[in-house]
$ cat data-v2.csv   # CSV, C-alpha atoms
chain,number,residue,atom,x,y,z
F,1,LEU,CA,-0.5,-18.2,19.1
F,2,GLU,CA,-3.0,-20.0,16.9
F,3,LEU,CA,-2.7,-20.2,13.1
F,4,LEU,CA,-5.9,-19.0,11.5
F,5,ASP,CA,-7.3,-21.1,8.7
F,6,ASN,CA,-8.4,-18.8,5.9
F,7,THR,CA,-11.2,-21.1,5.0
F,8,ARG,CA,-12.9,-20.9,8.4
F,9,SER,CA,-15.6,-18.4,9.2
F,10,ASN,CA,-13.7,-17.0,12.2
F,11,SER,CA,-10.9,-16.0,9.9
F,12,ALA,CA,-13.3,-14.0,7.7
F,13,GLU,CA,-14.6,-12.3,10.9
F,14,TRP,CA,-11.1,-11.0,11.7
F,15,LEU,CA,-9.7,-10.4,8.3
F,16,GLY,CA,-12.7,-9.1,6.4
F,17,ASP,CA,-11.5,-5.4,6.7
F,18,VAL,CA,-7.9,-5.8,5.5
F,19,PRO,CA,-6.8,-5.6,1.9
F,20,ILE,CA,-6.6,-8.7,-0.2
F,21,TYR,CA,-2.7,-8.5,-0.3
F,22,LEU,CA,-2.6,-9.0,3.5
F,23,GLN,CA,-5.2,-11.8,3.3
F,24,GLU,CA,-3.4,-13.8,0.6
F,25,VAL,CA,0.3,-13.2,1.0
F,26,PHE,CA,0.8,-13.7,4.8
F,27,SER,CA,0.0,-16.3,7.3
F,28,HIS,CA,-2.2,-15.1,10.2
F,29,TRP,CA,-1.5,-15.9,13.9
F,30,ILE,CA,-4.0,-14.9,16.5
F,31,ASN,CA,-3.5,-14.3,20.2
F,32,ARG,CA,-7.1,-14.4,21.5
F,33,THR,CA,-6.1,-13.2,25.0
F,34,ARG,CA,-4.6,-10.0,23.7
F,35,GLY,CA,-7.0,-9.8,20.8
F,36,VAL,CA,-4.4,-9.4,18.1
F,37,ILE,CA,-3.4,-11.0,14.8
F,38,LEU,CA,0.2,-11.2,13.6
F,39,PHE,CA,0.9,-11.2,9.8
F,40,ARG,CA,3.9,-13.3,9.0
F,41,ASP,CA,5.5,-14.8,5.9
F,42,ILE,CA,3.7,-17.9,4.7
F,43,ARG,CA,7.1,-19.8,5.0
F,44,PHE,CA,7.0,-21.3,8.5
F,45,GLN,CA,10.7,-20.7,9.2
F,46,ARG,CA,10.2,-16.9,8.6
F,47,ARG,CA,8.9,-15.5,11.9
F,48,GLU,CA,9.1,-11.8,11.2
F,49,VAL,CA,5.9,-9.8,11.9
F,50,SER,CA,5.1,-7.4,9.1
F,51,PHE,CA,1.7,-6.2,10.3
F,52,ILE,CA,-0.3,-6.4,13.6
F,53,PHE,CA,-4.1,-6.1,13.6
F,54,SER,CA,-6.2,-5.4,16.6
F,55,ARG,CA,-9.8,-4.3,16.9
F,56,LEU,CA,-8.7,-1.3,19.0
F,57,PHE,CA,-5.9,0.0,16.8
F,58,GLY,CA,-6.7,-1.5,13.4
F,59,CYS,CA,-4.1,-2.8,11.1
F,60,ARG,CA,-0.6,-1.4,11.8
F,61,LYS,CA,2.6,-1.8,9.7
F,62,ILE,CA,5.7,-2.8,11.6
F,63,PRO,CA,8.9,-1.0,10.5
F,64,GLU,CA,11.6,-3.3,9.3
F,65,HIS,CA,14.3,-1.9,11.6
F,66,LEU,CA,12.4,-3.1,14.7
F,67,PRO,CA,12.9,-6.6,16.1
F,68,ARG,CA,10.0,-8.5,14.6
F,69,GLU,CA,10.5,-12.2,15.4
F,70,ASP,CA,10.1,-13.8,18.8
F,71,SER,CA,9.8,-10.5,20.6
F,72,TRP,CA,6.5,-9.6,18.9
F,73,HIS,CA,4.8,-8.8,22.2
F,74,GLU,CA,7.3,-6.0,22.8
F,75,LEU,CA,5.8,-4.3,19.7
F,76,LEU,CA,2.4,-3.9,21.3
F,77,PRO,CA,2.9,-1.0,23.8
F,78,ASP,CA,3.7,1.4,20.9
F,79,ILE,CA,1.5,-0.2,18.3
F,80,GLY,CA,-0.8,2.9,18.3
F,81,LEU,CA,2.2,5.0,17.0
F,82,ARG,CA,2.8,2.9,13.9
F,83,GLU,CA,1.5,3.5,10.4
F,84,ARG,CA,-2.2,2.5,10.2
F,85,LEU,CA,-3.5,0.9,7.1
F,86,ILE,CA,-6.9,2.3,6.3
F,87,LEU,CA,-9.7,1.7,3.8
F,88,HIS,CA,-11.4,4.7,2.3
F,89,GLU,CA,-13.0,6.1,-0.9
F,90,LEU,CA,-11.4,9.5,-1.1
F,91,PRO,CA,-11.3,11.2,-4.5
F,92,PHE,CA,-7.6,10.8,-5.2
F,93,LEU,CA,-8.0,7.1,-5.5
F,94,SER,CA,-9.9,7.6,-8.8
F,95,ILE,CA,-6.8,9.3,-10.2
F,96,LEU,CA,-4.4,6.5,-9.1
F,97,ALA,CA,-6.9,3.8,-10.3
F,98,LYS,CA,-6.1,4.5,-13.9
F,99,PHE,CA,-2.5,3.4,-13.1
F,100,GLU,CA,-3.1,0.6,-10.6
F,101,ALA,CA,-6.2,-1.3,-9.3
F,102,ILE,CA,-7.7,0.3,-6.2
F,103,GLU,CA,-7.5,-2.9,-4.2
F,104,TYR,CA,-3.7,-2.8,-4.6
F,105,ILE,CA,-3.3,0.7,-3.4
F,106,HIS,CA,-2.6,1.0,0.3
F,107,THR,CA,-3.1,4.1,2.4
F,108,TYR,CA,-1.3,4.6,5.7
F,109,VAL,CA,-1.9,7.3,8.3
F,110,THR,CA,0.3,8.1,11.3
F,111,GLN,CA,-0.6,10.5,14.1
F,112,SER,CA,0.7,11.1,17.6
F,113,PRO,CA,0.6,14.0,20.1
F,114,ALA,CA,4.1,14.9,19.0
F,115,GLN,CA,3.6,15.1,15.3
F,116,PRO,CA,0.8,16.1,12.8
F,117,LEU,CA,-1.1,13.7,10.7
F,118,ILE,CA,1.0,11.9,8.0
F,119,VAL,CA,-0.8,10.4,5.0
F,120,LYS,CA,1.1,8.0,2.8
F,121,ILE,CA,0.0,6.2,-0.4
F,122,HIS,CA,1.8,3.0,-1.4
F,123,LEU,CA,1.4,1.4,-4.8
F,124,TYR,CA,3.2,-1.6,-3.4
F,125,ARG,CA,3.3,-3.7,-6.6
F,126,PHE,CA,5.2,-0.9,-8.4
F,127,GLY,CA,7.3,0.1,-5.4
F,128,LEU,CA,5.9,3.7,-5.5
F,129,THR,CA,5.1,5.8,-2.5
F,130,PHE,CA,3.6,9.3,-2.2
F,131,VAL,CA,3.4,11.4,0.9
F,132,LEU,CA,0.9,14.2,1.5
F,133,ASP,CA,2.6,17.5,2.2
F,134,ASN,CA,1.3,20.5,4.1
F,135,GLY,CA,0.0,22.0,0.8
F,136,GLY,CA,-2.2,19.0,0.0
F,137,ARG,CA,0.1,17.7,-2.7
F,138,PHE,CA,1.5,14.1,-2.9
F,139,ILE,CA,5.3,14.0,-3.0
F,140,SER,CA,7.1,11.0,-4.5
F,141,GLU,CA,9.5,9.2,-2.2
F,142,GLU,CA,11.2,7.2,-4.9
F,143,ILE,CA,11.4,9.9,-7.7
F,144,SER,CA,13.2,12.7,-5.8
F,145,GLY,CA,12.0,16.2,-6.3
F,146,PHE,CA,8.7,15.2,-8.0
F,147,ARG,CA,5.1,15.2,-7.0
F,148,LEU,CA,1.8,14.1,-8.5
F,149,SER,CA,0.5,16.8,-10.9
F,150,THR,CA,-2.9,18.3,-10.3
F,151,GLU,CA,-3.5,17.8,-14.0
F,152,GLN,CA,-3.6,14.1,-14.9
F,153,HIS,CA,-4.8,14.4,-18.5
F,154,LEU,CA,-2.6,15.1,-21.5
F,155,LEU,CA,-4.6,17.0,-24.1
F,156,ASP,CA,-4.5,15.7,-27.7
F,157,THR,CA,-1.9,13.0,-26.7
F,158,PHE,CA,-2.2,9.2,-26.4
F,159,ARG,CA,-5.7,9.2,-27.7
F,160,GLY,CA,-7.7,6.5,-25.9
F,161,PHE,CA,-4.9,5.8,-23.5
F,162,THR,CA,-5.2,6.9,-19.9
F,163,SER,CA,-3.1,4.4,-17.9
F,164,TYR,CA,-0.4,6.8,-16.8
F,165,LEU,CA,0.5,9.2,-14.0
F,166,ILE,CA,1.9,12.7,-14.5
F,167,LEU,CA,4.5,13.9,-12.1
F,168,GLU,CA,5.8,17.5,-11.9
F,169,LYS,CA,9.0,18.8,-10.5
F,170,VAL,CA,8.6,20.6,-7.2
F,171,ASP,CA,9.2,24.4,-7.2
F,172,CYS,CA,10.2,24.5,-10.8
F,173,ASN,CA,9.2,27.3,-13.3
F,174,PRO,CA,8.5,26.5,-16.1
F,175,VAL,CA,6.9,23.2,-15.0
F,176,GLN,CA,8.9,20.1,-15.7
F,177,THR,CA,7.0,16.9,-16.0
F,178,ARG,CA,7.5,13.1,-16.1
F,179,LEU,CA,5.2,10.5,-17.3
F,180,LEU,CA,4.9,7.1,-15.5
F,181,VAL,CA,3.5,4.3,-17.7
F,182,PRO,CA,3.1,0.7,-16.5
F,183,THR,CA,5.0,-2.0,-18.4
F,184,GLY,CA,2.8,-4.7,-20.1
F,185,ASP,CA,1.1,-5.6,-23.3
F,186,VAL,CA,-0.9,-3.0,-25.1
F,187,ALA,CA,-4.5,-3.9,-25.9
F,188,THR,CA,-7.4,-2.1,-27.7
F,189,LYS,CA,-10.7,-2.3,-25.9
F,190,ALA,CA,-14.2,-1.9,-27.2
F,191,GLY,CA,-14.9,1.7,-28.0
F,192,GLY,CA,-11.3,2.4,-29.1
F,193,SER,CA,-9.7,2.9,-25.6
F,194,VAL,CA,-6.3,1.5,-25.0
F,195,ASP,CA,-5.1,-0.3,-21.9
F,196,ILE,CA,-2.0,-2.0,-20.5
F,197,ILE,CA,-2.5,-5.7,-19.8
F,198,SER,CA,-0.5,-7.5,-17.1
F,199,CYS,CA,-0.8,-10.1,-14.4
F,200,GLN,CA,-3.5,-9.1,-11.9
F,201,LYS,CA,-2.3,-11.2,-8.9
F,202,CYS,CA,-1.9,-9.2,-5.8
F,203,SER,CA,1.6,-10.4,-5.2
F,204,THR,CA,2.9,-9.7,-8.7
F,205,GLU,CA,5.8,-7.2,-8.8
F,206,ARG,CA,5.2,-4.7,-11.6
F,207,HIS,CA,7.4,-2.1,-13.3
F,208,PHE,CA,6.9,1.2,-15.1
F,209,HIS,CA,8.6,3.5,-17.6
F,210,CYS,CA,9.5,6.9,-16.5

$ encode --input "data-v2.csv" --output "structure tokens"
Amino acid sequence: LELLDNTRSNSAEWLGDVPIYLQEVFSHWINRTRGVILFRDIRFQRREVSFIFSRLFGCRKIPEHLPREDSWHELLPDIGLRERLILHELPFLSILAKFEAIEYIHTYVTQSPAQPLIVKIHLYRFGLTFVLDNGGRFISEEISGFRLSTEQHLLDTFRGFTSYLILEKVDCNPVQTRLLVPTGDVATKAGGSVDIISCQKCSTERHFHC
């Protein structure tokens, strides 16, 4: 394995299509014979592989329950079955972008002959995950029994403030909702809009009110 230097042009060639979080938070080890890059902790003594990138299978997330240290080569035969991190511009990103910066929202897809396509949205700084169900709705993994509402605007409420997500309880009539609001400092912007100000580093852990 060869450690890639992020300042070198060959690093940009390999890592240009992966999110900023993977570029900045991990060390990158390339095996040129197999054509793969391993994403490991930047601390040298930590050898666990969190992601594997190849030009054939793209960027794949390695589950934590698998052996991820010196036996990394044993992960390769099934790498095509792991969650694939993809870049896209689908419309639902514009909804989530009022809560979190788009570059910090990760989308994973999983597909195999034995199972249908699974789409998962991860707002990793907040520890929030939404999974697309068969009805085209995003179900929350962390807030049990709730999903993203199709209506993400509260009429005549929070004038000028839009940095929130509305969740609704699944199969509940009348509808029960919850509001997710990021923690941070409140600031008024030009034009009267209101925003939540917080650290914008990709590795910053963020919290929310629910």

$ residues_near_point --input "data-v2.csv" --point "(4.3, -10.1, 7.2)" --cutoff "9 Å" --atoms "all atoms listed in the file" --output "PyMOL selection string"
chain F and resi 22+25-28+38-42+47-52+61-62

$ closest_residue --input "data-v2.csv" --among "F:Ser144, F:Val181, F:His153, F:Ala187" --to "F:Lys169" --atoms "all atoms listed in the file"
F:Ser144

$ residues_around --input "data-v2.csv" --residues "stretch 80-97 of chain F" --least-positions-apart "5" --cutoff "6 Å" --atoms "only C-alpha atoms" --output "PDB file with C-alpha atoms, in the frame of the given file"
ATOM      1  CA  CYS F  59      -4.100  -2.800  11.100  1.00  0.00           C
ATOM      2  CA  ARG F  60      -0.600  -1.400  11.800  1.00  0.00           C
ATOM      3  CA  LYS F  61       2.600  -1.800   9.700  1.00  0.00           C
ATOM      4  CA  ILE F 102      -7.700   0.300  -6.200  1.00  0.00           C
ATOM      5  CA  THR F 107      -3.100   4.100   2.400  1.00  0.00           C
ATOM      6  CA  TYR F 108      -1.300   4.600   5.700  1.00  0.00           C
ATOM      7  CA  VAL F 109      -1.900   7.300   8.300  1.00  0.00           C
ATOM      8  CA  THR F 110       0.300   8.100  11.300  1.00  0.00           C
TER       9      THR F 110
END

$ closest_residue --input "data-v2.csv" --among "F:Asp156, F:Thr162, F:Leu4, F:Val18" --to "F:Arg32" --atoms "all atoms listed in the file"
F:Leu4

$ closest_residue --input "data-v2.csv" --among "F:Ile105, F:Leu56, F:Ala114, F:Leu148" --to "F:Gly127" --atoms "only C-alpha atoms"
F:Ile105

$ residues_around --input "data-v2.csv" --residues "F:Glu205" --least-positions-apart "3" --cutoff "12 Å" --atoms "all atoms listed in the file" --output "PDB file with C-alpha atoms, in the coordinates of the input"
ATOM      1  CA  GLU F 100      -3.100   0.600 -10.600  1.00  0.00           C
ATOM      2  CA  TYR F 104      -3.700  -2.800  -4.600  1.00  0.00           C
ATOM      3  CA  LEU F 123       1.400   1.400  -4.800  1.00  0.00           C
ATOM      4  CA  TYR F 124       3.200  -1.600  -3.400  1.00  0.00           C
ATOM      5  CA  ARG F 125       3.300  -3.700  -6.600  1.00  0.00           C
ATOM      6  CA  PHE F 126       5.200  -0.900  -8.400  1.00  0.00           C
ATOM      7  CA  GLY F 127       7.300   0.100  -5.400  1.00  0.00           C
ATOM      8  CA  LEU F 128       5.900   3.700  -5.500  1.00  0.00           C
ATOM      9  CA  PRO F 182       3.100   0.700 -16.500  1.00  0.00           C
ATOM     10  CA  THR F 183       5.000  -2.000 -18.400  1.00  0.00           C
ATOM     11  CA  GLY F 184       2.800  -4.700 -20.100  1.00  0.00           C
ATOM     12  CA  SER F 198      -0.500  -7.500 -17.100  1.00  0.00           C
ATOM     13  CA  CYS F 199      -0.800 -10.100 -14.400  1.00  0.00           C
ATOM     14  CA  GLN F 200      -3.500  -9.100 -11.900  1.00  0.00           C
ATOM     15  CA  LYS F 201      -2.300 -11.200  -8.900  1.00  0.00           C
ATOM     16  CA  CYS F 202      -1.900  -9.200  -5.800  1.00  0.00           C
ATOM     17  CA  PHE F 208       6.900   1.200 -15.100  1.00  0.00           C
TER      18      PHE F 208
END

$ residues_around --input "data-v2.csv" --residues "F:Tyr164" --least-positions-apart "6" --cutoff "7 Å" --atoms "only C-alpha atoms" --output "list in words"
Lys98, Phe99, Leu179, Leu180 and Val181 of chain F

$ residues_around --input "data-v2.csv" --residues "F:Glu103" --least-positions-apart "6" --cutoff "9 Å" --atoms "only C-alpha atoms" --output "list in words"
Pro19, Ile20, Tyr21 and Cys202 of chain F

$ atom_distance --input "data-v2.csv" --atom1 "atom CA of F:Ile121" --atom2 "atom CA of F:Phe146"
14.6 Å

$ closest_residue --input "data-v2.csv" --among "F:Ile79, F:Gly145, F:Ser54, F:His209" --to "F:Leu66" --atoms "all atoms listed in the file"
F:Ile79

$ closest_residue --input "data-v2.csv" --among "F:Phe158, F:Arg147, F:Thr204, F:Asp185" --to "F:Cys172" --atoms "all atoms listed in the file"
F:Arg147

$ atom_distance --input "data-v2.csv" --atom1 "atom CA of F:Ile30" --atom2 "atom CA of F:Lys120"
27.2 Å

$ atom_distance --input "data-v2.csv" --atom1 "atom CA of F:Asn31" --atom2 "atom CA of F:Glu2"
6.6 Å

$ closest_residue --input "data-v2.csv" --among "F:Asn173, F:Ser193, F:Ser163, F:Gln23" --to "F:Ala101" --atoms "all atoms listed in the file"
F:Ser163

$ build_atoms --input "data-v2.csv" --residues "stretch 93-104 of chain F" --atoms "all heavy atoms" --output "PDB file, keeping the file's coordinate frame"
ATOM      1  N   LEU F  93      -8.141   8.442  -5.046  1.00  0.00           N
ATOM      2  CA  LEU F  93      -8.000   7.100  -5.500  1.00  0.00           C
ATOM      3  C   LEU F  93      -8.442   6.887  -6.945  1.00  0.00           C
ATOM      4  O   LEU F  93      -7.885   6.061  -7.669  1.00  0.00           O
ATOM      5  CB  LEU F  93      -8.884   6.141  -4.599  1.00  0.00           C
ATOM      6  CG  LEU F  93      -8.295   5.730  -3.253  1.00  0.00           C
ATOM      7  CD1 LEU F  93      -9.243   4.776  -2.541  1.00  0.00           C
ATOM      8  CD2 LEU F  93      -6.929   5.092  -3.407  1.00  0.00           C
ATOM      9  N   SER F  94      -9.413   7.675  -7.389  1.00  0.00           N
ATOM     10  CA  SER F  94      -9.900   7.600  -8.800  1.00  0.00           C
ATOM     11  C   SER F  94      -8.782   7.981  -9.747  1.00  0.00           C
ATOM     12  O   SER F  94      -8.739   7.503 -10.893  1.00  0.00           O
ATOM     13  CB  SER F  94     -11.130   8.398  -8.990  1.00  0.00           C
ATOM     14  OG  SER F  94     -10.862   9.778  -8.771  1.00  0.00           O
ATOM     15  N   ILE F  95      -7.892   8.869  -9.323  1.00  0.00           N
ATOM     16  CA  ILE F  95      -6.800   9.300 -10.200  1.00  0.00           C
ATOM     17  C   ILE F  95      -5.750   8.147 -10.262  1.00  0.00           C
ATOM     18  O   ILE F  95      -5.304   7.764 -11.351  1.00  0.00           O
ATOM     19  CB  ILE F  95      -6.101  10.545  -9.591  1.00  0.00           C
ATOM     20  CG1 ILE F  95      -7.088  11.716  -9.634  1.00  0.00           C
ATOM     21  CG2 ILE F  95      -4.828  10.882 -10.361  1.00  0.00           C
ATOM     22  CD1 ILE F  95      -6.567  12.966  -8.956  1.00  0.00           C
ATOM     23  N   LEU F  96      -5.399   7.577  -9.128  1.00  0.00           N
ATOM     24  CA  LEU F  96      -4.400   6.500  -9.100  1.00  0.00           C
ATOM     25  C   LEU F  96      -4.940   5.230  -9.741  1.00  0.00           C
ATOM     26  O   LEU F  96      -4.159   4.404 -10.223  1.00  0.00           O
ATOM     27  CB  LEU F  96      -3.979   6.237  -7.668  1.00  0.00           C
ATOM     28  CG  LEU F  96      -3.304   7.403  -6.936  1.00  0.00           C
ATOM     29  CD1 LEU F  96      -3.061   7.052  -5.477  1.00  0.00           C
ATOM     30  CD2 LEU F  96      -2.002   7.784  -7.606  1.00  0.00           C
ATOM     31  N   ALA F  97      -6.268   5.068  -9.763  1.00  0.00           N
ATOM     32  CA  ALA F  97      -6.900   3.800 -10.300  1.00  0.00           C
ATOM     33  C   ALA F  97      -6.668   3.640 -11.760  1.00  0.00           C
ATOM     34  O   ALA F  97      -6.792   2.525 -12.262  1.00  0.00           O
ATOM     35  CB  ALA F  97      -8.360   3.797  -9.941  1.00  0.00           C
ATOM     36  N   LYS F  98      -6.333   4.685 -12.477  1.00  0.00           N
ATOM     37  CA  LYS F  98      -6.100   4.500 -13.900  1.00  0.00           C
ATOM     38  C   LYS F  98      -4.667   3.917 -14.124  1.00  0.00           C
ATOM     39  O   LYS F  98      -4.350   3.467 -15.227  1.00  0.00           O
ATOM     40  CB  LYS F  98      -6.216   5.826 -14.655  1.00  0.00           C
ATOM     41  CG  LYS F  98      -5.202   6.901 -14.284  1.00  0.00           C
ATOM     42  CD  LYS F  98      -5.434   8.150 -15.113  1.00  0.00           C
ATOM     43  CE  LYS F  98      -4.329   9.175 -14.875  1.00  0.00           C
ATOM     44  NZ  LYS F  98      -4.403  10.298 -15.831  1.00  0.00           N
ATOM     45  N   PHE F  99      -3.858   3.916 -13.069  1.00  0.00           N
ATOM     46  CA  PHE F  99      -2.500   3.400 -13.100  1.00  0.00           C
ATOM     47  C   PHE F  99      -2.413   2.013 -12.440  1.00  0.00           C
ATOM     48  O   PHE F  99      -1.674   1.130 -12.875  1.00  0.00           O
ATOM     49  CB  PHE F  99      -1.546   4.363 -12.462  1.00  0.00           C
ATOM     50  CG  PHE F  99      -0.085   4.023 -12.585  1.00  0.00           C
ATOM     51  CD1 PHE F  99       0.635   4.397 -13.707  1.00  0.00           C
ATOM     52  CD2 PHE F  99       0.568   3.347 -11.575  1.00  0.00           C
ATOM     53  CE1 PHE F  99       1.974   4.096 -13.819  1.00  0.00           C
ATOM     54  CE2 PHE F  99       1.915   3.037 -11.675  1.00  0.00           C
ATOM     55  CZ  PHE F  99       2.622   3.414 -12.806  1.00  0.00           C
ATOM     56  N   GLU F 100      -3.173   1.843 -11.354  1.00  0.00           N
ATOM     57  CA  GLU F 100      -3.100   0.600 -10.600  1.00  0.00           C
ATOM     58  C   GLU F 100      -4.532   0.338 -10.007  1.00  0.00           C
ATOM     59  O   GLU F 100      -5.282   1.270  -9.685  1.00  0.00           O
ATOM     60  CB  GLU F 100      -2.131   0.742  -9.433  1.00  0.00           C
ATOM     61  CG  GLU F 100      -2.094  -0.392  -8.414  1.00  0.00           C
ATOM     62  CD  GLU F 100      -1.675  -1.743  -9.008  1.00  0.00           C
ATOM     63  OE1 GLU F 100      -2.409  -2.222  -9.899  1.00  0.00           O
ATOM     64  OE2 GLU F 100      -0.650  -2.300  -8.570  1.00  0.00           O
ATOM     65  N   ALA F 101      -4.894  -0.942  -9.884  1.00  0.00           N
ATOM     66  CA  ALA F 101      -6.200  -1.300  -9.300  1.00  0.00           C
ATOM     67  C   ALA F 101      -6.319  -0.811  -7.893  1.00  0.00           C
ATOM     68  O   ALA F 101      -5.368  -0.892  -7.110  1.00  0.00           O
ATOM     69  CB  ALA F 101      -6.364  -2.833  -9.377  1.00  0.00           C
ATOM     70  N   ILE F 102      -7.482  -0.293  -7.553  1.00  0.00           N
ATOM     71  CA  ILE F 102      -7.700   0.300  -6.200  1.00  0.00           C
ATOM     72  C   ILE F 102      -7.378  -0.651  -5.100  1.00  0.00           C
ATOM     73  O   ILE F 102      -6.814  -0.266  -4.076  1.00  0.00           O
ATOM     74  CB  ILE F 102      -9.128   0.860  -6.120  1.00  0.00           C
ATOM     75  CG1 ILE F 102      -9.281   2.121  -6.967  1.00  0.00           C
ATOM     76  CG2 ILE F 102      -9.488   1.156  -4.659  1.00  0.00           C
ATOM     77  CD1 ILE F 102     -10.664   2.734  -6.906  1.00  0.00           C
ATOM     78  N   GLU F 103      -7.724  -1.921  -5.275  1.00  0.00           N
ATOM     79  CA  GLU F 103      -7.500  -2.900  -4.200  1.00  0.00           C
ATOM     80  C   GLU F 103      -6.029  -3.129  -3.919  1.00  0.00           C
ATOM     81  O   GLU F 103      -5.668  -3.724  -2.894  1.00  0.00           O
ATOM     82  CB  GLU F 103      -8.211  -4.207  -4.492  1.00  0.00           C
ATOM     83  CG  GLU F 103      -7.776  -4.882  -5.772  1.00  0.00           C
ATOM     84  CD  GLU F 103      -8.646  -4.534  -6.951  1.00  0.00           C
ATOM     85  OE1 GLU F 103      -9.199  -3.415  -6.972  1.00  0.00           O
ATOM     86  OE2 GLU F 103      -8.781  -5.382  -7.853  1.00  0.00           O
ATOM     87  N   TYR F 104      -5.160  -2.661  -4.815  1.00  0.00           N
ATOM     88  CA  TYR F 104      -3.700  -2.800  -4.600  1.00  0.00           C
ATOM     89  C   TYR F 104      -3.031  -1.521  -4.264  1.00  0.00           C
ATOM     90  O   TYR F 104      -1.813  -1.406  -4.352  1.00  0.00           O
ATOM     91  CB  TYR F 104      -3.085  -3.420  -5.889  1.00  0.00           C
ATOM     92  CG  TYR F 104      -3.662  -4.759  -6.301  1.00  0.00           C
ATOM     93  CD1 TYR F 104      -3.712  -5.143  -7.629  1.00  0.00           C
ATOM     94  CD2 TYR F 104      -4.173  -5.640  -5.346  1.00  0.00           C
ATOM     95  CE1 TYR F 104      -4.243  -6.374  -8.009  1.00  0.00           C
ATOM     96  CE2 TYR F 104      -4.716  -6.858  -5.723  1.00  0.00           C
ATOM     97  CZ  TYR F 104      -4.740  -7.212  -7.060  1.00  0.00           C
ATOM     98  OH  TYR F 104      -5.270  -8.426  -7.415  1.00  0.00           O
TER      99      TYR F 104
END
